[in-house]
Every structure is written in structure tokens, then in C-alpha cells.
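Next comes protein_20.txt, a file with compact mmCIF, C-alpha atoms.
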```txt
# COMPACT_ATOMS: atom_id res chain seq x y z
CA MET A 231 0.00 0.00 0.00
CA TYR A 232 1.61 3.22 -1.08
CA SER A 233 0.79 6.89 -1.02
CA ASN A 234 -0.36 8.82 -4.02
CA GLU A 235 0.06 12.51 -4.59
CA THR A 236 -1.74 15.09 -6.65
CA ASP A 237 -0.50 18.68 -6.67
CA GLY A 238 1.25 18.15 -3.36
CA ASN A 239 -1.83 16.77 -1.57
CA PHE A 240 -2.23 13.18 -0.42
CA SER A 241 -5.16 10.90 -0.80
CA GLY A 242 -5.38 7.32 0.35
CA THR A 243 -5.92 4.70 -2.29
CA GLY A 244 -8.94 2.53 -1.71
CA ALA A 245 -9.69 3.96 1.73
CA GLY A 246 -10.86 7.57 1.83
CA ASN A 247 -8.91 9.14 4.66
CA PHE A 248 -6.41 6.35 5.14
CA VAL A 249 -2.96 7.66 4.23
CA LEU A 250 0.30 5.82 4.65
CA LEU A 251 3.45 7.91 4.76
CA ALA A 252 6.84 6.33 4.30
CA THR A 253 10.05 8.34 4.38
CA LEU A 254 12.05 5.89 2.27
CA GLU A 255 10.07 2.92 1.05
CA TYR A 256 10.39 0.37 -1.52
CA ARG A 257 8.91 -1.74 1.12
CA ASN A 258 11.78 -0.51 3.17
CA ILE A 259 13.46 0.32 6.32
CA VAL A 260 12.75 2.50 9.30
CA THR A 261 9.43 4.27 8.86
CA VAL A 262 6.07 3.52 10.39
CA TRP A 263 3.08 5.16 8.81
CA THR A 264 1.08 7.96 10.37
CA THR A 265 -2.68 8.14 10.14
CA PHE A 266 -4.29 11.48 9.35
CA SER A 267 -7.83 12.34 10.35
CA GLU A 268 -8.54 14.34 7.21
CA PRO A 269 -8.62 13.01 3.64
CA GLU A 270 -6.31 15.77 2.42
CA VAL A 271 -3.44 17.38 4.29
CA LYS A 272 -1.99 20.54 2.84
CA ASN A 273 0.00 21.60 5.88
CA GLU A 274 1.62 18.81 7.84
CA ALA A 275 2.51 21.10 10.75
CA ALA A 276 -1.16 21.97 11.25
CA VAL A 277 -2.12 18.39 12.09
CA PRO A 278 -1.58 17.42 15.74
CA CYS A 279 0.77 14.50 16.24
CA ALA A 280 1.33 14.06 12.52
CA GLY A 281 4.78 14.68 11.09
CA ARG A 282 7.41 12.08 11.83
CA PRO A 283 6.51 8.67 13.26
CA GLU A 284 8.58 9.22 16.42
CA THR A 285 6.29 12.16 17.30
CA SER A 286 3.11 10.15 16.78
CA CYS A 287 0.54 10.26 19.60
CA ASP A 288 -0.05 6.51 19.26
CA PRO A 289 2.22 4.56 21.67
CA VAL A 290 1.84 1.37 19.64
CA LEU A 291 3.10 3.05 16.50
CA GLN A 292 5.92 4.63 18.47
CA ALA A 293 6.94 1.21 19.84
CA VAL A 294 6.81 -0.42 16.40
CA TYR A 295 8.79 2.45 14.94
CA TYR A 296 11.65 2.27 17.43
CA LEU A 297 11.79 -1.55 17.43
CA SER A 298 11.92 -1.52 13.64
CA LEU A 299 14.48 1.28 13.55
CA TYR A 300 17.01 -0.30 15.89
CA GLY A 301 16.26 -3.82 14.67
CA THR A 302 16.93 -2.77 11.11
CA TYR A 303 20.27 -1.20 11.90
CA LEU A 304 21.21 -4.30 13.89
CA ALA A 305 20.38 -6.30 10.75
CA TYR A 306 22.74 -4.05 8.78
CA VAL A 307 25.52 -4.61 11.31
CA ILE A 308 25.10 -8.39 11.07
CA GLY A 309 23.95 -8.74 7.49
CA ILE A 310 26.42 -6.65 5.49
CA PRO A 311 29.67 -8.15 6.88
CA GLY A 312 27.94 -11.54 7.18
CA SER A 313 26.90 -11.55 3.53
CA PHE A 314 30.37 -10.46 2.48
CA LEU A 315 32.00 -13.27 4.48
CA THR A 316 29.46 -15.74 3.10
CA CYS A 317 30.34 -14.82 -0.48
CA LEU A 318 34.05 -15.24 0.25
CA VAL A 319 33.56 -18.60 1.96
CA LEU A 320 31.32 -19.95 -0.81
CA THR A 321 33.74 -19.00 -3.58
CA ARG A 322 36.62 -20.72 -1.72
CA MET A 323 34.84 -24.05 -1.43
CA ARG A 324 36.18 -26.96 -3.44
CA PRO A 325 34.87 -28.48 -5.58
CA PHE A 326 33.06 -25.36 -6.71
CA ASN A 327 29.86 -26.70 -8.25
CA SER A 328 26.60 -25.32 -9.60
CA SER A 329 24.92 -25.39 -6.18
CA LEU A 330 27.57 -23.04 -4.84
CA VAL A 331 27.00 -20.76 -7.84
CA TRP A 332 23.34 -20.46 -6.85
CA PHE A 333 24.23 -19.84 -3.19
CA THR A 334 26.77 -17.21 -4.21
CA ALA A 335 24.25 -15.43 -6.46
CA ILE A 336 21.70 -15.37 -3.63
CA ASN A 337 24.18 -13.80 -1.23
CA VAL A 338 25.61 -11.31 -3.74
CA THR A 339 22.10 -9.94 -4.37
CA GLY A 340 21.48 -9.90 -0.62
CA LEU A 341 24.71 -7.99 -0.01
CA PHE A 342 23.80 -5.49 -2.73
CA ASN A 343 20.30 -5.01 -1.32
CA LEU A 344 21.51 -4.44 2.25
CA SER A 345 24.32 -2.11 1.17
CA MET A 346 21.99 -0.06 -1.03
CA ARG A 347 19.36 0.31 1.69
CA PHE A 348 21.95 1.22 4.30
CA GLY A 349 23.59 3.76 2.00
CA LEU A 350 20.33 5.49 1.19
CA SER A 351 19.24 5.53 4.84
CA VAL A 352 22.56 7.17 5.75
CA GLN A 353 21.95 9.70 2.98
CA LEU A 354 18.68 10.65 4.68
CA ILE A 355 20.55 11.54 7.88
CA PHE A 356 22.78 14.13 6.25
CA ILE A 357 20.89 15.35 3.19
CA ASN A 358 17.37 15.24 1.87
CA ILE A 359 16.51 12.39 -0.46
CA GLU A 360 16.75 13.31 -4.13
CA ASP A 361 14.46 12.23 -6.94
CA TRP A 362 17.19 10.03 -8.41
CA SER A 363 17.60 8.28 -5.03
CA CYS A 364 13.89 7.62 -4.88
CA LYS A 365 13.78 6.08 -8.35
CA PHE A 366 17.05 4.20 -7.85
CA LEU A 367 15.75 2.52 -4.70
CA TYR A 368 12.38 1.67 -6.22
CA LEU A 369 14.13 0.27 -9.31
CA MET A 370 16.97 -1.72 -7.75
CA ALA A 371 15.28 -3.03 -4.60
CA PRO A 372 12.72 -5.19 -6.43
CA ILE A 373 15.36 -6.40 -8.89
CA SER A 374 17.52 -7.76 -6.07
CA GLU A 375 14.53 -8.89 -4.00
CA TYR A 376 12.71 -10.84 -6.70
CA SER A 377 15.86 -12.24 -8.28
CA THR A 378 16.76 -13.69 -4.86
CA HIS A 379 13.44 -15.53 -4.78
CA LEU A 380 13.98 -16.93 -8.27
CA PHE A 381 17.59 -17.87 -7.50
CA LEU A 382 16.35 -19.88 -4.54
CA VAL A 383 13.84 -21.58 -6.84
CA GLY A 384 16.68 -22.40 -9.24
CA LEU A 385 18.76 -23.87 -6.42
CA THR A 386 15.79 -25.92 -5.22
CA VAL A 387 15.15 -27.27 -8.72
CA GLU A 388 18.81 -28.23 -9.00
CA ARG A 389 18.75 -30.10 -5.67
CA PHE A 390 15.53 -31.81 -6.80
CA ILE A 391 17.34 -33.04 -9.91
CA ALA A 392 20.34 -34.13 -7.82
CA VAL A 393 18.13 -36.25 -5.57
CA TRP A 394 15.57 -37.59 -8.03
CA PHE A 395 17.65 -37.77 -11.24
CA PRO A 396 21.27 -38.03 -10.04
CA LEU A 397 22.58 -39.45 -13.30
CA LYS A 398 21.38 -36.32 -15.13
CA MET A 399 22.88 -33.92 -12.62
CA ALA A 400 26.22 -33.41 -14.37
CA VAL A 401 24.54 -32.74 -17.73
CA TRP A 402 21.56 -30.62 -16.70
CA CYS A 403 23.17 -28.65 -13.87
CA SER A 404 26.57 -27.53 -15.11
CA ILE A 405 28.13 -24.29 -13.95
CA ARG A 406 27.73 -22.79 -17.42
CA ARG A 407 23.99 -23.56 -17.52
CA THR A 408 23.59 -22.17 -14.02
CA VAL A 409 25.29 -18.88 -14.95
CA CYS A 410 23.07 -18.57 -18.02
CA ALA A 411 19.98 -19.16 -15.88
CA ILE A 412 21.11 -16.47 -13.41
CA VAL A 413 21.61 -13.96 -16.24
CA ILE A 414 18.16 -14.72 -17.69
CA ILE A 415 16.50 -14.35 -14.28
CA THR A 416 18.24 -11.02 -13.72
CA ILE A 417 17.09 -9.71 -17.12
CA ILE A 418 13.49 -10.73 -16.32
CA CYS A 419 13.61 -8.94 -12.97
CA VAL A 420 15.07 -5.80 -14.55
CA GLY A 421 12.32 -5.81 -17.17
CA GLN A 422 9.52 -5.98 -14.62
CA SER A 423 10.93 -2.96 -12.72
CA ILE A 424 11.52 -0.50 -15.55
CA TYR A 425 8.09 1.06 -15.08
CA VAL A 426 9.30 2.60 -11.79
CA ILE A 427 11.22 5.31 -13.65
CA GLU A 428 7.98 6.76 -14.95
CA VAL A 429 5.35 6.03 -12.30
CA TYR A 430 7.24 6.98 -9.09
CA ARG A 431 8.46 10.42 -8.09
CA LEU A 432 9.62 12.49 -5.14
CA ASN A 433 6.88 14.77 -3.85
CA ALA A 434 7.01 18.12 -2.04
CA LEU A 435 7.34 16.47 1.38
CA GLY A 436 10.34 14.41 0.34
CA LEU A 437 8.43 11.12 0.08
CA CYS A 438 8.71 8.50 -2.66
CA VAL A 439 5.17 8.15 -3.96
CA LEU A 440 3.25 6.62 -6.81
CA ARG A 441 1.92 9.27 -9.17
CA ALA A 442 -1.86 9.50 -8.84
CA LYS A 443 -2.66 8.92 -12.51
CA TYR A 444 -0.93 5.52 -12.41
CA ALA A 445 -2.45 4.29 -9.14
CA ASP A 446 -5.38 2.28 -10.48
CA PHE A 447 -3.28 -0.16 -12.48
CA TRP A 448 0.31 -0.07 -11.26
CA GLU A 449 -0.50 -0.13 -7.56
CA SER A 450 -3.81 -1.92 -7.22
CA ILE A 451 -3.33 -4.52 -9.94
CA TYR A 452 0.30 -4.79 -11.02
CA GLU A 453 2.19 -4.40 -7.73
CA MET A 454 -0.33 -5.83 -5.29
CA VAL A 455 -1.55 -8.77 -7.40
CA ILE A 456 0.55 -9.59 -10.47
CA ILE A 457 4.02 -9.01 -9.00
CA THR A 458 3.08 -10.59 -5.67
CA THR A 459 1.77 -13.69 -7.41
CA GLU A 460 4.57 -14.10 -9.96
CA PHE A 461 7.62 -13.22 -7.88
CA ILE A 462 6.62 -14.08 -4.30
CA LEU A 463 3.69 -16.48 -3.98
CA ILE A 464 4.44 -18.88 -6.85
CA PRO A 465 8.18 -19.14 -6.02
CA ILE A 466 7.35 -19.87 -2.37
CA LEU A 467 4.87 -22.58 -3.35
CA VAL A 468 7.38 -24.16 -5.74
CA ILE A 469 10.06 -24.11 -3.03
CA ILE A 470 7.74 -25.76 -0.50
CA VAL A 471 6.60 -28.52 -2.89
CA LEU A 472 10.11 -29.35 -4.14
CA ASN A 473 11.58 -29.38 -0.63
CA ILE A 474 8.87 -31.84 0.45
CA LEU A 475 9.67 -34.08 -2.52
CA ILE A 476 13.40 -33.87 -1.78
CA ALA A 477 12.85 -34.75 1.88
CA ASN A 478 10.60 -37.70 0.98
CA ARG A 479 13.15 -39.04 -1.50
CA ILE A 480 15.98 -38.81 1.02
CA LYS A 481 13.84 -40.44 3.71
CA ARG A 482 12.90 -43.30 1.39
CA ALA A 483 16.54 -43.80 0.45
CA LYS A 484 17.49 -44.09 4.11
CA LEU A 485 14.69 -46.58 4.75
CA LEU A 486 16.04 -48.71 1.92
CA HIS A 487 19.55 -48.50 3.45
CA GLN A 488 20.85 -46.61 0.41
CA ARG A 489 23.63 -44.40 1.63
CA ASN A 490 24.33 -43.13 -1.89
CA LEU A 491 21.82 -41.46 -4.17
CA THR A 492 24.07 -42.12 -7.16
CA ASP A 493 26.02 -45.14 -8.28
CA ALA A 494 29.67 -45.29 -7.20
CA GLN A 495 29.39 -42.09 -5.21
CA SER A 496 32.19 -41.37 -2.76
CA SER A 497 31.50 -40.75 0.91
CA ASP A 498 32.78 -37.20 0.48
CA LYS A 499 30.16 -36.49 -2.17
CA VAL A 500 27.47 -38.03 0.03
CA ARG A 501 28.41 -35.65 2.85
CA GLN A 502 28.62 -32.79 0.36
CA HIS A 503 25.08 -33.41 -0.89
CA SER A 504 23.83 -33.79 2.66
CA GLN A 505 25.19 -30.44 3.82
CA ILE A 506 24.07 -28.61 0.70
CA ASN A 507 20.57 -30.01 1.21
CA ARG A 508 20.62 -28.81 4.83
CA MET A 509 21.71 -25.34 3.74
CA LEU A 510 18.92 -25.30 1.15
CA THR A 511 16.35 -26.36 3.74
CA ALA A 512 17.53 -23.66 6.16
CA ALA A 513 17.46 -20.98 3.44
CA SER A 514 14.00 -22.09 2.29
CA ILE A 515 12.52 -22.00 5.79
CA THR A 516 14.02 -18.56 6.38
CA SER A 517 12.50 -17.19 3.17
CA ILE A 518 9.09 -18.68 3.92
CA VAL A 519 9.03 -17.27 7.46
CA PHE A 520 10.04 -13.77 6.39
CA LEU A 521 7.87 -13.64 3.26
CA ALA A 522 4.64 -15.03 4.73
CA PRO A 523 3.66 -11.70 6.39
CA GLU A 524 4.41 -9.87 3.13
CA ILE A 525 2.14 -12.17 1.14
CA PHE A 526 -0.65 -11.77 3.70
CA ASN A 527 -0.18 -8.01 3.78
CA ARG A 528 -0.34 -7.53 0.02
CA TYR A 529 -3.41 -9.68 -0.51
CA SER A 530 -5.30 -8.56 2.59
CA VAL A 531 -4.87 -4.75 2.72
CA GLY A 532 -7.52 -4.01 0.10
CA PRO A 533 -10.21 -6.34 1.51
CA LEU A 534 -9.50 -5.27 5.09
CA LEU A 535 -9.86 -1.60 4.25
CA THR A 536 -13.38 -2.27 3.01
CA LEU A 537 -14.23 -3.37 6.56
CA GLU A 538 -13.39 0.02 8.03
CA GLY A 539 -17.06 0.69 8.73
CA VAL A 540 -17.47 -2.68 10.46
CA ILE A 541 -14.24 -2.73 12.47
CA ASP A 542 -13.09 0.24 14.51
CA GLY A 543 -11.23 2.45 12.01
CA HIS A 544 -8.44 3.48 14.38
CA THR A 545 -7.70 -0.09 15.42
CA LEU A 546 -7.72 -1.30 11.82
CA ARG A 547 -5.43 1.45 10.56
CA ARG A 548 -3.05 0.97 13.46
CA ALA A 549 -2.86 -2.79 12.83
CA LEU A 550 -2.25 -2.31 9.12
CA ALA A 551 0.43 0.30 9.78
CA ALA A 552 2.23 -2.04 12.19
CA LEU A 553 1.94 -4.98 9.76
CA SER A 554 3.29 -2.91 6.88
CA ASN A 555 6.29 -1.81 8.92
CA VAL A 556 7.01 -5.37 10.05
CA CYS A 557 6.92 -6.55 6.43
CA SER A 558 9.32 -3.78 5.40
CA CYS A 559 11.78 -4.74 8.13
CA PHE A 560 11.49 -8.46 7.36
CA LYS A 561 12.90 -7.70 3.90
CA VAL A 562 16.10 -6.63 5.60
CA TYR A 563 16.12 -9.45 8.17
CA LYS A 564 15.73 -12.05 5.42
CA TYR A 565 19.11 -11.15 3.93
CA ALA A 566 20.83 -10.70 7.29
CA ALA A 567 19.72 -14.16 8.42
CA ASN A 568 21.48 -16.06 5.61
CA PHE A 569 24.90 -15.95 7.25
CA ILE A 570 23.45 -17.24 10.51
CA VAL A 571 21.37 -20.08 9.05
CA TYR A 572 24.22 -21.30 6.83
CA SER A 573 26.49 -21.39 9.86
CA LEU A 574 23.95 -23.39 11.84
CA ALA A 575 23.18 -25.79 9.00
CA ALA A 576 26.65 -26.74 7.70
CA GLN A 577 29.69 -27.61 9.77
CA LYS A 578 32.05 -27.15 6.86
CA PHE A 579 30.67 -23.67 6.28
CA ARG A 580 31.61 -22.82 9.86
CA MET A 581 35.03 -24.32 9.32
CA GLY A 582 35.37 -22.29 6.16
CA ILE A 583 34.74 -19.09 8.12
CA VAL A 584 37.42 -20.12 10.62
CA ARG A 585 39.88 -20.84 7.83
CA LEU A 586 39.12 -17.52 6.16
CA LEU A 587 39.56 -15.52 9.34
CA THR A 588 42.75 -17.38 10.36
CA CYS A 589 44.37 -17.31 6.90
CA ASP A 590 43.92 -21.09 6.45
CA LYS A 591 45.73 -21.98 9.67
CA TYR A 592 42.69 -23.47 11.40
CA GLY A 593 39.36 -24.93 10.41
CA GLY A 594 40.49 -27.68 8.05
CA GLY A 595 41.03 -30.40 10.57
CA VAL A 596 39.02 -32.44 13.03
CA LYS A 597 38.14 -31.75 16.62
CA ARG A 598 40.44 -33.26 19.21
CA GLY A 599 39.81 -32.52 22.82
CA GLY A 600 37.39 -29.74 21.89
CA LYS A 601 39.96 -27.86 19.75
CA LEU A 602 40.44 -27.61 16.02
CA THR A 603 43.76 -29.02 14.84
CA LYS A 604 45.83 -27.50 12.08
CA LYS A 605 45.47 -29.17 8.75
CA HIS A 606 46.70 -27.43 5.61
CA THR A 607 44.57 -29.19 3.04
CA ASN A 608 41.96 -28.19 0.56
CA TRP A 609 38.42 -28.75 1.68
CA ALA A 610 34.91 -28.87 0.38
CA ILE A 611 31.41 -28.93 1.78
CA LYS A 612 31.17 -32.44 3.12
```
What would the structure in this file look like if it were written as C-alpha cells?
Amino acid sequence: MYSNETDGNFSGTGAGNFVLLATLEYRNIVTVWTTFSEPEVKNEAAVPCAGRPETSCDPVLQAVYYLSLYGTYLAYVIGIPGSFLTCLVLTRMRPFNSSLVWFTAINVTGLFNLSMRFGLSVQLIFINIEDWSCKFLYLMAPISEYSTHLFLVGLTVERFIAVWFPLKMAVWCSIRRTVCAIVIITIICVGQSIYVIEVYRLNALGLCVLRAKYADFWESIYEMVIITTEFILIPILVIIVLNILIANRIKRAKLLHQRNLTDAQSSDKVRQHSQINRMLTAASITSIVFLAPEIFNRYSVGPLLTLEGVIDGHTLRRALAALSNVCSCFKVYKYAANFIVYSLAAQKFRMGIVRLLTCDKYGGGVKRGGKLTKKHTNWAIK
């Protein structure tokens, strides 16, 4: 749900006097929305308790604002260096296969998204946001966000092939094919975001808003329905279904006492597949958890606003404002969590971090007496 503007005045889309203000949104960062009591506000200073979210009269909105603000910057502190370390560790793994290409692409887009959001939020502290910043954020944020979803789908499809059709894995899932698929996905995501250059602008209050004449289609239909379905809902459903099939196949193989999913597979490759599958499962669960509120928010805002006469208007608007802010922050948390979930899911990933931070002196050996021994050998995800 985004704000429209006409000649400097605001009007809520689909809800009379319901206006959502976001200082820097492409479904982004630190702002909670303020509810105005009048359908049009020409002078922000004339409205009691309007203005910035931190000056809102509503204690719930104040609490959500500050929790989101400090939680988001904590996510930057963890996510930006964590994503950078993750990319370094993944590219150092041997053998470097197509699964690692997918993981690397996911984390490169996550690092870009976090760095871009952090940079633009810092810009807001020192200078006012410019029109180019507004359009840049609204253009690049969905490219990185939606490409991450599709990259995860690509990784899941590859692991599905590895488990169900292992003999075809080397042919169908080469590094070259994976790179081509990543390039195609990126081009698709760029194409779906080009419209932003025309339909979004910076208004007189310094807010990124959808131009009023484009609201009926680009907001109500394209963004809230088409984009949500194609780039969020369908990818999540595909990820869930394929992960269930992968888990069932692995479970059946264990019941049949088949330690290898391919003929003549080495124990190292078995461990490699096992840890990659665990990393995939962890990444999939993280995406589902953080995207579920966004899916609910996008599909439910319109219908819920029609109930404003049935449900108390203040309570409804406050709940929707809090939900929207949570969804915006979850977009940041989703990328920041990758480093943590990979570390929890894969022992060799943790060892790779140790090796990277100790210049390959530690992290390549086995535990003896609770300590890692030195072992100067190449390693892989096992």
C-alpha cells in the first residue's frame, strides 16, 4: 500500500482518509506510517501528532517504529559483513559446483540489497533524499529482491534433480547452464521494474510516492496482485513442494539403506550433498518465514480496508500500519539471516569461516579434545 500525490496533496488509495506515509520505502526500512484524520493534508505542521513517526501520539506506532528502527540497523551490522563473508567462503569451497554458484548469487544480491538500503538511509541523515535516489531505490530493490526468490527456486530445482535424477545432474546442472539461468532471471527482474522510472516520483514532502494517474493499475493490480503472485507467492509454493519431494526421497533412500543417491558415489560427495541439502532447507525456511507476512499483507490490505465501517477504524489502521512496517523490516532481516542459518546448517561452512579468518591456519582439521587441529589441506562442503 503506497501513497499517491496530486499537486502536493495526499489521498489514500482505496480507503478515503487512510494515508500511509513512508520516508524511504520500496517496502523498506525504518518508517512507520502515520494516520491522518482528514482526507487531504496541505499543511503537515497543522495536524496534531502528525509529522514524523517518532512524534506520533499513538504509543503502539511509536513502539513499532523504534523496534523496527534499531532492529533494522542491527540487521545491517550483522547482514552486510555476514553476507560479504558468506560470499568469500562460498567462492573458496572446493569443488566449486553449480549449487555453490546459486548460493553465491543469492548472497551477492542480498549484499547489494543491504548495502543499497543502508547507504540510502545514511543519505537521509545528512541530506534530503533526491528524486534520483527515490527512483534508484524503487528500481533496484525489487530487482535484487525478486531475483533472490527466483535464484532460490533455481537452487531448489537443481537439488531436486540431484536427488531424483542423479545421473542427469552433471549434464543438466553444469556451472555454465547455471550462470546462463542467473543472467536470464536477472534480465526478467530488470524488465519488470523499468516502469518505476515513470510512475514513481519524489513529492514536495520528500516522500517517494506513486503518481496518482498511475495508481489504479500499477498499484492496485500490477504491484499488489501480479508481482506478488509471480515473484513471491508462486516461487514460495514451488520451493515448498520441491523441498517436500526432496525430503521424501531422502527419507525413502534411508529406509532402503541406500547411503548413496548415485552409483559409485564417494562418501565425500554423500556428505557434500547432505550439507548442501541442509543449507537449502535452512534458506527455504528462512524465506518462507520472512515472506509469509508480506504475502498476507499484500493480498489482505484491500479487503480489510473495506471493513473500516465494520471494524473500529483506528484499530484497523493501526494494525495495518504495524503490519506494513514489520513486512518492510522483514525484507532486511531475510538477507541478514542467511549468514546465521548457513552457519547453523553446515559444519564445513563454519570451518570455512574459521579458515578464512585465520588465513587457512585453522578450520580444516578435526576436533580433538574440543579444539580444532591445524590441517593445511583443501576442503569442500562435506
| All residues 6 Å or closer to Glu524 of chain A, only C-alpha atoms, same chain fewer than 3 positions away omitted, as JSON, numbers by chain | {"A": [521, 527, 557]}
**Q.** Tyr425 of chain A surroundings by only C-alpha atoms, 12 Å radius, close-in-sequence under 6 positions cut, as number ranges by chain
**A.** A: 365-366, 368-370, 372, 419, 431, 440-441, 444, 447-449, 452-453
Problem - Gap from atom CA of Lys564 of chain A to atom CA of Gly532 of chain A - Å, one decimal - result: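 Pair atom CA of Lys564 of chain A / atom CA of Gly532 of chain A returns 25.2 Å.
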One decimal place gives the atom CA of Leu318 of chain A-atom CA of Asn337 of chain A separation as 10.1 Å
- Hey, what's within 9 Å of Leu586 of chain A if we count all atoms listed in the file and toss same-chain stuff fewer than 5 positions away? As an MDAnalysis selection string, please? chainID A and resid 315 318:319 322 581 591:593
### Message
One number please: atom CA of Ser374 of chain A to atom CA of Gln577 of chain A, in Å, one decimal.
### Response
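For atom CA of Ser374 of chain A relative to atom CA of Gln577 of chain A, the distance reads 28.2 Å.
Taking all atoms listed in the file into account, Cys410 of chain A lies nearest to A:Ser328 out of the set A:Ser573, A:Asn343, A:Ser328, A:Ser554.
Distance check against Ser377 of chain A using all atoms listed in the file: of A:Ile451, A:Ser345, A:Ile462, A:Ala434, the minimum falls on A:Ile462.
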Neighbours of point (19.2, -26.1, -7.4) within 12 Å, using only C-alpha atoms, written as a PyMOL selection string: chain A and resi 327-333+335-336+380-393+399+402-405+407-408+411-412+469+472-473+476+503+506-507+509-511+514
With distances taken over all atoms listed in the file, the candidate from A:Leu587, A:Arg548, A:Tyr563, A:Leu467 nearest Pro289 of chain A is A:Arg548
Could you list, as a PyMOL selection string, every residue within 12 Å of Phe348 of chain A, counting all atoms listed in the file and ignoring same-chain residues fewer than 5 positions away?
chain A and resi 254+258-260+299+302-307+309-310+341-343+353-355+367+371+562
Requested in this report: Tell me which of A:Leu574, A:Ala400, A:Val338, A:Ala513 sits closest to Cys317 of chain A, counting all atoms listed in the file.
Outcome: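 Of all the options, A:Val338 lies closest to Cys317 of chain A.
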